[in-house]
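Novice: If it helps, the file is called coords-v2.txt and holds compact mmCIF, C-alpha atoms:
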```
# COMPACT_ATOMS: atom_id res chain seq x y z
CA MET P 298 -13.49 0.16 24.66
CA SER P 299 -14.57 3.76 24.34
CA THR P 300 -18.11 4.33 23.11
CA ILE P 301 -18.34 6.02 19.71
CA THR P 302 -21.70 6.72 18.13
CA THR P 303 -22.60 5.88 14.56
CA GLU P 304 -23.00 9.59 13.86
CA ALA P 305 -19.50 10.30 15.16
CA LEU P 306 -17.98 7.53 13.06
CA SER P 307 -19.67 8.80 9.92
CA ALA P 308 -18.16 12.24 10.55
CA THR P 309 -14.60 11.00 11.08
CA THR P 310 -12.03 10.36 8.39
CA LEU P 311 -10.23 7.09 7.73
CA LEU P 312 -6.46 6.67 7.88
CA ARG P 313 -4.70 3.55 6.64
CA PHE P 314 -1.22 3.19 8.12
CA ALA P 315 1.48 0.54 8.44
CA THR P 316 4.24 -0.11 10.95
CA ALA P 317 7.69 -1.30 9.94
CA GLY P 318 11.15 -1.63 11.43
CA SER P 319 13.95 -4.02 12.19
CA VAL P 320 13.55 -7.12 14.35
CA ASP P 321 12.95 -6.40 18.05
CA ASP P 322 12.50 -2.67 17.51
CA GLY P 323 9.11 -2.98 19.23
CA LYS P 324 6.54 -2.69 16.45
CA SER P 325 4.00 -5.05 17.98
CA THR P 326 4.50 -3.50 21.43
CA LEU P 327 3.87 -0.05 19.95
CA VAL P 328 0.67 -1.23 18.27
CA GLY P 329 -0.44 -2.99 21.44
CA ARG P 330 0.27 0.11 23.52
CA LEU P 331 -1.60 2.25 20.98
CA LEU P 332 -4.65 -0.01 21.17
CA HIS P 333 -4.48 -0.35 24.96
CA ASP P 334 -3.96 3.29 25.88
CA SER P 335 -6.56 4.52 23.39
CA LYS P 336 -9.01 2.08 25.04
CA SER P 337 -9.53 0.19 21.79
CA VAL P 338 -9.10 -3.27 23.38
CA LEU P 339 -12.05 -5.36 24.49
CA ALA P 340 -11.98 -6.67 28.06
CA ASP P 341 -11.84 -10.33 26.99
CA GLN P 342 -8.91 -9.59 24.65
CA LEU P 343 -6.96 -7.96 27.47
CA GLU P 344 -7.75 -10.86 29.82
CA ALA P 345 -6.48 -13.34 27.21
CA VAL P 346 -3.24 -11.36 26.86
CA GLN P 347 -2.83 -11.25 30.65
CA ARG P 348 -3.30 -15.03 30.94
CA ALA P 349 -0.84 -15.68 28.11
CA SER P 350 1.70 -13.32 29.71
CA VAL P 351 1.41 -15.03 33.12
CA SER P 352 1.85 -18.46 31.53
CA ARG P 353 5.12 -17.20 30.02
CA GLY P 354 6.34 -15.99 33.40
CA GLN P 355 5.82 -12.26 32.77
CA GLU P 356 4.52 -10.03 35.52
CA ALA P 357 3.04 -7.30 33.30
CA PRO P 358 0.80 -7.94 30.25
CA ASP P 359 2.80 -8.31 27.03
CA LEU P 360 0.92 -5.90 24.79
CA ALA P 361 2.68 -7.27 21.69
CA LEU P 362 0.40 -10.31 21.99
CA LEU P 363 -2.51 -8.12 20.90
CA THR P 364 -1.13 -8.22 17.35
CA ASP P 365 1.10 -11.31 17.24
CA GLY P 366 -1.67 -13.82 16.67
CA LEU P 367 0.18 -16.73 15.04
CA ARG P 368 1.48 -19.42 17.39
CA ALA P 369 4.94 -19.22 15.82
CA GLU P 370 4.94 -15.43 16.36
CA ARG P 371 4.16 -15.78 20.07
CA GLU P 372 6.72 -18.54 20.57
CA GLN P 373 9.53 -16.60 18.85
CA GLY P 374 8.46 -13.11 19.92
CA ILE P 375 8.52 -11.83 16.35
CA THR P 376 6.02 -10.78 13.69
CA ILE P 377 5.85 -13.12 10.68
CA ASP P 378 2.72 -12.17 8.78
CA VAL P 379 0.97 -8.82 8.30
CA ALA P 380 -1.47 -8.29 11.17
CA TYR P 381 -4.38 -5.98 10.39
CA ARG P 382 -6.19 -4.17 13.18
CA TYR P 383 -9.15 -1.80 13.09
CA PHE P 384 -9.84 0.81 15.74
CA ALA P 385 -11.29 4.27 16.14
CA THR P 386 -11.07 7.37 18.27
CA PRO P 387 -13.58 10.21 18.35
CA ARG P 388 -11.42 12.06 15.81
CA ARG P 389 -10.59 9.38 13.23
CA ARG P 390 -10.97 5.74 12.19
CA PHE P 391 -7.88 3.61 11.55
CA ILE P 392 -6.85 0.53 9.63
CA LEU P 393 -3.33 -0.48 10.62
CA ALA P 394 -1.01 -3.12 9.21
CA ASP P 395 1.69 -4.40 11.56
CA THR P 396 4.39 -5.74 9.21
CA PRO P 397 7.35 -8.05 9.91
CA GLY P 398 10.90 -6.83 10.45
CA HIS P 399 12.93 -9.81 9.24
CA VAL P 400 14.69 -9.35 5.89
CA GLU P 401 13.07 -12.51 4.52
CA TYR P 402 9.63 -11.01 5.20
CA THR P 403 10.32 -7.71 3.41
CA ARG P 404 7.67 -8.65 0.84
CA ASN P 405 5.08 -8.58 3.64
CA MET P 406 5.97 -4.95 4.30
CA VAL P 407 5.24 -4.22 0.62
CA THR P 408 1.81 -5.83 1.06
CA GLY P 409 0.99 -3.86 4.20
CA ALA P 410 2.21 -0.48 2.94
CA SER P 411 0.83 -0.72 -0.59
CA THR P 412 -2.47 0.91 0.43
CA ALA P 413 -1.13 2.94 3.38
CA GLU P 414 -1.30 6.72 3.58
CA LEU P 415 1.24 6.77 6.40
CA THR P 416 4.05 4.48 7.53
CA VAL P 417 5.49 4.35 11.04
CA ILE P 418 9.12 3.18 10.88
CA LEU P 419 10.54 2.20 14.26
CA VAL P 420 14.19 2.48 15.25
CA ASP P 421 15.79 1.14 18.42
CA ALA P 422 17.39 4.17 20.09
CA ARG P 423 20.36 2.00 21.10
CA ASN P 424 21.09 0.83 17.55
CA GLY P 425 20.11 3.82 15.44
CA VAL P 426 19.49 3.60 11.70
CA VAL P 427 20.38 0.10 10.47
CA GLU P 428 20.20 -1.60 7.06
CA GLN P 429 16.61 -2.76 7.56
CA THR P 430 15.61 0.79 8.50
CA ARG P 431 16.98 1.99 5.17
CA ARG P 432 15.23 -0.86 3.38
CA HIS P 433 11.85 0.06 4.84
CA ALA P 434 12.39 3.75 4.09
CA ALA P 435 13.21 2.85 0.49
CA ILE P 436 10.07 0.73 0.16
CA ALA P 437 7.94 3.54 1.58
CA ALA P 438 9.46 5.86 -1.03
CA LEU P 439 8.91 3.37 -3.85
CA LEU P 440 5.28 2.90 -2.82
CA ARG P 441 4.81 6.70 -2.70
CA VAL P 442 3.50 6.64 0.88
CA PRO P 443 2.67 10.32 1.51
CA HIS P 444 3.63 10.49 5.21
CA VAL P 445 6.44 8.77 7.14
CA VAL P 446 6.78 8.78 10.93
CA LEU P 447 10.15 7.92 12.46
CA ALA P 448 9.42 6.49 15.92
CA VAL P 449 12.67 6.33 17.89
CA ASN P 450 11.73 3.62 20.37
CA LYS P 451 13.22 2.40 23.65
CA MET P 452 14.22 5.90 24.73
CA ASP P 453 13.98 4.60 28.32
CA LEU P 454 17.07 2.47 27.63
CA VAL P 455 19.15 5.53 26.69
CA ASP P 456 18.02 7.65 29.67
CA TYR P 457 15.66 9.66 27.46
CA ALA P 458 18.68 11.53 26.05
CA GLU P 459 17.77 14.23 23.54
CA PRO P 460 21.13 14.07 21.65
CA VAL P 461 20.55 10.37 20.89
CA PHE P 462 17.17 11.14 19.39
CA ALA P 463 18.42 14.18 17.47
CA LYS P 464 21.28 12.26 15.85
CA ILE P 465 19.02 9.41 14.70
CA ALA P 466 16.33 11.79 13.43
CA GLU P 467 18.89 13.81 11.44
CA GLU P 468 20.45 10.72 9.84
CA PHE P 469 17.12 9.16 8.89
CA THR P 470 15.61 12.38 7.57
CA ALA P 471 18.63 12.99 5.32
CA TYR P 472 18.37 9.47 3.89
CA ALA P 473 14.61 9.70 3.40
CA THR P 474 14.92 13.07 1.69
CA GLU P 475 17.44 11.57 -0.73
CA LEU P 476 14.83 8.92 -1.55
CA GLY P 477 12.21 11.57 -2.24
CA VAL P 478 10.04 10.94 0.82
CA PRO P 479 7.85 14.08 0.97
CA GLU P 480 7.40 14.29 4.75
CA VAL P 481 9.13 12.82 7.83
CA THR P 482 7.92 13.36 11.41
CA ALA P 483 10.30 12.13 14.12
CA ILE P 484 8.87 11.21 17.55
CA PRO P 485 10.85 9.87 20.56
CA ILE P 486 8.90 7.12 22.34
CA SER P 487 9.01 4.21 24.73
CA ALA P 488 6.34 1.76 23.61
CA LEU P 489 6.90 -0.42 26.68
CA ALA P 490 6.44 2.45 29.14
CA GLY P 491 3.91 4.35 27.05
CA ASP P 492 5.97 7.54 26.63
CA ASN P 493 4.67 9.73 23.76
CA VAL P 494 2.49 6.96 22.34
CA VAL P 495 -0.92 8.20 23.45
CA GLU P 496 0.00 10.50 26.33
CA PRO P 497 2.89 13.02 26.36
CA SER P 498 5.97 11.94 28.30
CA ALA P 499 6.96 13.85 31.41
CA ARG P 500 10.41 12.33 31.09
CA MET P 501 11.07 13.98 27.71
CA ASP P 502 10.03 17.55 28.40
CA TRP P 503 12.60 18.65 25.79
CA TYR P 504 10.27 17.29 23.09
CA GLY P 505 7.43 19.59 22.13
CA GLY P 506 5.92 17.72 19.19
CA PRO P 507 2.85 15.47 18.98
CA THR P 508 2.46 11.99 20.42
CA VAL P 509 2.08 9.13 17.97
CA LEU P 510 -1.71 9.01 18.34
CA GLU P 511 -2.04 12.79 18.15
CA HIS P 512 -0.10 12.80 14.88
CA LEU P 513 -2.17 9.93 13.50
CA GLU P 514 -5.35 11.80 14.39
CA THR P 515 -4.29 15.11 12.85
CA VAL P 516 -2.08 14.30 9.85
CA PRO P 517 -3.78 15.60 6.68
CA VAL P 518 -5.36 12.82 4.67
CA SER P 519 -6.68 13.87 1.29
CA HIS P 520 -9.65 11.82 0.16
CA ASP P 521 -10.74 14.54 -2.28
CA LEU P 522 -9.70 12.83 -5.50
CA ALA P 523 -11.97 14.89 -7.72
CA HIS P 524 -8.96 16.37 -9.49
CA CYS P 525 -7.24 13.02 -10.11
CA HIS P 526 -7.38 11.20 -13.44
CA ALA P 527 -10.88 9.67 -13.52
CA ARG P 528 -10.75 5.90 -14.02
CA LEU P 529 -13.49 3.24 -13.96
CA PRO P 530 -12.35 -0.37 -14.54
CA VAL P 531 -15.31 -2.35 -15.85
CA GLN P 532 -15.98 -5.37 -13.66
CA TYR P 533 -19.30 -6.61 -15.01
CA VAL P 534 -21.72 -5.91 -17.86
CA ILE P 535 -25.35 -5.80 -16.68
CA ARG P 536 -28.00 -6.78 -19.22
CA PRO P 537 -31.25 -7.88 -17.50
CA GLN P 538 -33.17 -8.32 -20.78
CA THR P 539 -36.43 -8.34 -18.84
CA ALA P 540 -39.80 -6.92 -19.76
CA GLU P 541 -39.14 -4.02 -17.42
CA HIS P 542 -35.61 -3.36 -18.76
CA PRO P 543 -35.51 -4.76 -22.31
CA ASP P 544 -32.67 -2.52 -23.55
CA TYR P 545 -30.74 -1.87 -20.33
CA ARG P 546 -26.96 -2.19 -20.78
CA GLY P 547 -24.89 -1.00 -17.83
CA TYR P 548 -21.20 -1.24 -17.06
CA ALA P 549 -20.54 -1.88 -13.38
CA GLY P 550 -17.38 -1.32 -11.38
CA GLN P 551 -15.73 0.60 -8.56
CA ILE P 552 -14.39 4.03 -9.49
CA ALA P 553 -10.61 3.82 -8.99
CA ALA P 554 -9.94 7.56 -9.13
CA GLY P 555 -11.55 10.88 -9.93
CA SER P 556 -15.22 11.46 -10.60
CA PHE P 557 -17.71 10.97 -13.44
CA ARG P 558 -20.76 13.04 -14.35
CA VAL P 559 -23.72 12.42 -16.60
CA GLY P 560 -22.94 14.01 -19.96
CA ASP P 561 -19.15 13.57 -19.70
CA GLU P 562 -17.40 12.54 -22.92
CA VAL P 563 -15.53 9.33 -22.20
CA ALA P 564 -13.32 6.83 -24.01
CA VAL P 565 -13.36 3.07 -23.58
CA LEU P 566 -9.87 1.56 -23.53
CA PRO P 567 -8.07 -0.22 -25.02
CA SER P 568 -10.35 0.16 -28.09
CA GLY P 569 -10.35 3.97 -27.89
CA ARG P 570 -14.03 4.32 -28.86
CA THR P 571 -15.62 7.51 -27.52
CA THR P 572 -19.14 8.24 -26.32
CA ARG P 573 -20.92 10.11 -23.52
CA ILE P 574 -22.28 9.02 -20.15
CA ALA P 575 -26.07 8.76 -20.44
CA GLY P 576 -26.69 7.82 -16.81
CA ILE P 577 -25.11 6.67 -13.54
CA ASP P 578 -26.84 4.28 -11.13
CA LEU P 579 -25.64 4.16 -7.52
CA LEU P 580 -27.26 1.43 -5.40
CA GLY P 581 -30.04 1.30 -7.96
CA VAL P 582 -30.72 5.04 -7.76
CA PRO P 583 -29.89 7.41 -10.64
CA VAL P 584 -27.34 10.11 -9.70
CA ASP P 585 -25.71 12.95 -11.61
CA VAL P 586 -22.18 12.44 -10.29
CA ALA P 587 -20.12 9.65 -8.70
CA TRP P 588 -16.58 9.63 -7.33
CA THR P 589 -13.71 7.52 -6.09
CA THR P 590 -14.43 4.22 -4.26
CA GLN P 591 -18.13 4.30 -5.12
CA SER P 592 -19.42 1.19 -6.89
CA VAL P 593 -21.61 2.32 -9.76
CA THR P 594 -23.25 1.25 -12.99
CA VAL P 595 -22.60 3.55 -15.94
CA LEU P 596 -24.88 3.76 -18.99
CA LEU P 597 -23.46 5.06 -22.27
CA GLU P 598 -25.21 6.93 -25.06
CA ASP P 599 -23.83 4.69 -27.83
CA ASP P 600 -24.06 0.93 -28.11
CA ILE P 601 -20.34 0.14 -28.30
CA ASP P 602 -18.40 -2.97 -27.39
CA VAL P 603 -17.46 -2.84 -23.70
CA SER P 604 -16.50 -5.89 -21.64
CA ARG P 605 -14.94 -6.83 -18.31
CA GLY P 606 -11.40 -5.51 -18.05
CA ASP P 607 -12.00 -2.41 -20.18
CA LEU P 608 -11.30 1.00 -18.68
CA ILE P 609 -13.67 3.96 -18.93
CA VAL P 610 -11.81 7.30 -18.80
CA PRO P 611 -12.39 10.94 -19.77
CA ALA P 612 -11.86 11.30 -23.51
CA GLN P 613 -9.42 14.20 -22.98
CA ASP P 614 -7.51 12.54 -20.13
CA ALA P 615 -6.76 9.02 -21.31
CA PRO P 616 -3.68 7.09 -20.19
CA GLU P 617 -1.16 5.61 -22.59
CA VAL P 618 -2.10 2.29 -24.15
CA THR P 619 0.93 0.05 -24.53
CA ARG P 620 2.12 -3.53 -24.80
CA ASP P 621 5.53 -2.82 -23.24
CA VAL P 622 5.11 -2.05 -19.54
CA GLU P 623 8.20 -0.66 -17.79
CA ALA P 624 8.00 -0.80 -14.03
CA THR P 625 9.68 -1.08 -10.67
CA VAL P 626 8.71 -4.37 -9.05
CA CYS P 627 9.08 -6.22 -5.78
CA HIS P 628 9.33 -9.97 -6.23
CA VAL P 629 7.26 -11.71 -3.55
CA ALA P 630 7.39 -15.40 -4.55
CA ASP P 631 9.99 -18.00 -3.62
CA GLN P 632 10.21 -18.95 -7.30
CA PRO P 633 12.63 -16.57 -9.11
CA LEU P 634 11.44 -14.24 -11.86
CA THR P 635 13.63 -14.60 -14.94
CA VAL P 636 13.95 -13.03 -18.36
CA GLY P 637 11.65 -14.94 -20.70
CA HIS P 638 9.31 -15.93 -17.86
CA ARG P 639 5.74 -16.36 -19.13
CA VAL P 640 3.21 -14.87 -16.73
CA LEU P 641 -0.26 -13.44 -16.39
CA LEU P 642 -0.43 -9.70 -15.75
CA LYS P 643 -3.41 -8.49 -13.72
CA HIS P 644 -4.10 -4.76 -14.00
CA GLY P 645 -7.33 -3.58 -12.42
CA THR P 646 -10.04 -5.94 -13.64
CA ARG P 647 -8.09 -7.03 -16.73
CA THR P 648 -5.80 -10.07 -16.88
CA VAL P 649 -3.63 -10.69 -19.96
CA LYS P 650 -0.84 -13.04 -20.97
CA ALA P 651 2.63 -11.54 -20.80
CA ILE P 652 6.32 -12.34 -20.92
CA VAL P 653 9.21 -10.81 -18.98
CA LYS P 654 11.13 -9.04 -21.71
CA ASP P 655 14.03 -7.63 -19.69
CA ILE P 656 15.30 -7.14 -16.13
CA PRO P 657 17.59 -4.10 -16.55
CA SER P 658 18.64 -3.88 -12.91
CA ARG P 659 18.22 -5.00 -9.33
CA LEU P 660 18.27 -2.45 -6.53
CA THR P 661 20.57 -2.87 -3.53
CA LEU P 662 18.52 -1.14 -0.84
CA ALA P 663 21.38 -0.88 1.64
CA ASP P 664 23.15 1.79 -0.43
CA LEU P 665 20.70 2.34 -3.36
CA SER P 666 23.23 0.99 -5.86
CA LEU P 667 22.08 -0.76 -9.03
CA HIS P 668 23.16 -4.22 -10.10
CA PRO P 669 22.77 -4.21 -13.90
CA HIS P 670 21.15 -7.09 -15.77
CA PRO P 671 20.91 -9.58 -12.88
CA GLY P 672 19.03 -12.05 -15.10
CA GLN P 673 16.53 -12.83 -12.35
CA LEU P 674 14.85 -11.49 -9.25
CA VAL P 675 14.49 -13.66 -6.15
CA ALA P 676 12.17 -13.30 -3.15
CA ASN P 677 12.20 -9.77 -1.65
CA ASP P 678 14.28 -8.34 -4.52
CA ILE P 679 13.31 -4.96 -5.94
CA GLY P 680 14.28 -4.19 -9.51
CA ARG P 681 13.32 -2.77 -12.86
CA VAL P 682 11.54 -4.94 -15.42
CA THR P 683 10.02 -4.61 -18.87
CA VAL P 684 7.02 -6.83 -19.51
CA ARG P 685 5.49 -7.35 -22.96
CA THR P 686 1.77 -8.11 -22.94
CA ALA P 687 -0.25 -10.09 -25.46
CA GLU P 688 -2.87 -7.32 -25.59
CA PRO P 689 -2.61 -3.53 -25.23
CA LEU P 690 -3.06 -2.19 -21.69
CA PRO P 691 -4.06 1.33 -20.59
CA VAL P 692 -1.70 2.12 -17.71
CA ASP P 693 -0.98 5.20 -15.65
CA SER P 694 2.31 5.99 -13.99
CA TYR P 695 2.31 4.83 -10.37
CA ALA P 696 3.40 8.35 -9.40
CA ASP P 697 0.09 9.63 -10.82
CA SER P 698 -2.18 6.85 -9.55
CA ARG P 699 -1.35 4.16 -7.03
CA ARG P 700 -4.39 2.13 -8.15
CA THR P 701 -4.26 2.26 -11.95
CA GLY P 702 -0.45 2.43 -11.97
CA SER P 703 -0.01 -0.90 -10.18
CA PHE P 704 -0.26 -4.51 -11.27
CA ILE P 705 0.69 -8.03 -10.22
CA LEU P 706 2.35 -10.85 -12.14
CA ILE P 707 0.79 -14.28 -11.67
CA ASP P 708 2.09 -17.79 -12.34
CA PRO P 709 -0.30 -19.16 -15.00
CA SER P 710 0.24 -22.75 -13.85
CA ASP P 711 -1.06 -22.42 -10.28
CA GLY P 712 -2.25 -18.82 -9.79
CA THR P 713 0.55 -17.87 -7.38
CA THR P 714 1.28 -14.15 -7.11
CA LEU P 715 4.86 -13.68 -8.26
CA THR P 716 5.54 -9.96 -8.35
CA ALA P 717 4.00 -6.62 -7.41
CA GLY P 718 4.67 -3.87 -9.94
CA MET P 719 4.62 -0.07 -10.05
CA VAL P 720 4.49 1.43 -13.54
CA GLY P 721 6.98 4.13 -14.48
CA GLU P 722 10.12 5.51 -12.92
CA SER P 723 11.30 4.80 -9.40
CA PHE P 724 13.46 7.03 -7.23
CA ALA P 725 16.54 5.24 -8.57
CA SER P 726 15.61 4.29 -12.12
CA PRO P 727 18.50 3.06 -14.27
CA GLU P 728 19.29 4.27 -17.75
CA PRO P 729 17.35 2.13 -20.24
CA VAL P 730 19.47 -0.58 -21.78
CA LYS P 731 18.69 -1.34 -25.40
CA ASP P 732 19.48 -4.61 -27.08
CA ALA P 733 19.37 -4.81 -30.87
CA ALA P 734 17.87 -8.29 -30.63
CA GLU P 735 15.32 -7.50 -27.95
CA ASP P 736 12.39 -7.54 -30.35
CA GLU P 737 13.37 -10.80 -32.03
CA GLY P 738 11.75 -14.10 -31.28
CA TRP P 739 8.63 -12.87 -29.50
CA ASP P 740 5.49 -14.75 -30.41
CA PHE P 741 3.07 -11.93 -29.57
```
Can I see the file as structure tokens?
Specialist:
Amino acid sequence: MSTITTEALSATTLLRFATAGSVDDGKSTLVGRLLHDSKSVLADQLEAVQRASVSRGQEAPDLALLTDGLRAEREQGITIDVAYRYFATPRRRFILADTPGHVEYTRNMVTGASTAELTVILVDARNGVVEQTRRHAAIAALLRVPHVVLAVNKMDLVDYAEPVFAKIAEEFTAYATELGVPEVTAIPISALAGDNVVEPSARMDWYGGPTVLEHLETVPVSHDLAHCHARLPVQYVIRPQTAEHPDYRGYAGQIAAGSFRVGDEVAVLPSGRTTRIAGIDLLGVPVDVAWTTQSVTVLLEDDIDVSRGDLIVPAQDAPEVTRDVEATVCHVADQPLTVGHRVLLKHGTRTVKAIVKDIPSRLTLADLSLHPHPGQLVANDIGRVTVRTAEPLPVDSYADSRRTGSFILIDPSDGTTLTAGMVGESFASPEPVKDAAEDEGWDF
């Protein structure tokens, strides 16, 4: 592995990205090639892959084994679960999620891409854009992933023909643009041979764009969230009540977005009480300002009721507080989600009782058509839902904030995660369907 100093790592930025694509498009091979050619593989890992490859009768090391860690994955030659890998180059640090391609594991792609800033969608150059390609593009659009890379793989099997690449890139880009994907970068590659993965390919001199790694290293990643809606979900109330700190009352949590300064006027939701920030402690040291991802303790000027699950926000930039949450969701459990289903809704650090009020539509990702009022969502379905909560919730639109605009639905009987939700409109939101009796019979 290449040697990178602590100072260099501290100066580099972090990129979270996910890979997706249809079965056998070469996702794991691409990731393995990326790790191998960027010298991010330890010697003992490579030796283990070489031994496993020889035992399977392969002459060359199967780089896909660097990510396919489950026994069932290696036996079948497919990816089943999301495989996370961490590596770094002198220019940037990376967290990658290698997601499955099978339709029945679409929910795993939602998990891997939910925090990604870039998604690499692979396409087999021989097959072109297929239904699963469209499905993954649609999920990337729903999750508001800022950057999408189309990696047209296996170019060696089509004689590195430029027209093949151009046709696939044009078709995919048109579809992604229709979905509202803000940026698509198409790259022709051969993950098996290493063409345009880390090093430029001499066999595709007609292509003048970046390699996959070069694009990953240089794509703009904005971590300056100072202008976002400031949000601090309260995770814990600190009251030492010691001789040294007899009156200390601090509200601890990780800043989800934006920044907070001492003296800012803030509101505590859902109560709506307003006050000002009297102090901010970061790692036990008082600071004047704190920003996104920092874990802090905030002290307020007034002694108001604040507890775990509350949300501290700027008084002039507060989100809507509602009991009817309308969202696009991806159902991830084997148990169907039905109208009238009683669930727990977890939003940030707050968990409340809720009931599924309506399922207006289910999305058919193959052609983006809407199936109205399906009555239920089954595993891997994406649809629109309205959930009524027992207590008011302060929620942002997912388009404005991926952290405070998301939630999960939980089975109250066993704690199973049922559904991942994104508040607000999707790229294909249906017209709201009103039922005169929709407000009748609810017990909260």
Novice: Name the residues within 10 Å of (-16.3, -4.0, -19.4), counting all atoms listed in the file in the file's coordinates, and put them as an MDAnalysis selection string.
Specialist: chainID P and resid 529:535 547:550 565:566 602:609 646:647
Novice: Could you tell me which of P:Val559, P:Leu489, P:Val455, P:Val622 comes closest to P:Val595 if we count only C-alpha atoms?
Specialist: P:Val559
Novice: List as a list in words the protein and nucleic acid residues near P:Pro507, meaning an atom at most 8 Å away when only C-alpha atoms are counted, but skip any in the same chain fewer than 5 places from it.
Specialist: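 Residues meeting the cut-off are Ile484, Asn493, Pro497 and His512 of chain P.
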Novice: In Å to one decimal, how far is atom CA of P:Leu332 from atom CA of P:Ala490?
Specialist: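 Distance between the two atoms: 13.9 Å.
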Novice: With a distance cut-off of 8 Å and all atoms listed in the file, select the neighbouring residues of stretch 627-639 of chain P, excluding the residue or stretch itself and same-chain residues fewer than 5 positions from it, and output the selection as a PyMOL selection string.
Specialist: chain P and resi 404+407+650-656+672-680+708-709+713-718
Novice: Just checking: using all atoms listed in the file, which residue out of P:Thr386, P:Ser703, P:Thr316, P:Thr326 ends up closest to P:Ile418?
Specialist: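 Comparing P:Thr386, P:Ser703, P:Thr316, P:Thr326 against P:Ile418, the winner is P:Thr316.
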Novice: Which value, in Å to one decimal, gives the distance between atom CA of P:His526 and atom CA of P:Pro689?
Specialist: 19.5 Å
Novice: Tell me which protein, DNA and RNA residues are within 9 Å of P:Pro479, counting only C-alpha atoms, leaving out same-chain ones fewer than 6 positions away, and put them as a list in words.
Specialist: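 The residues that qualify are Ala438, Arg441, Val442, Pro443, His444, Val445 and Ala473 of chain P.
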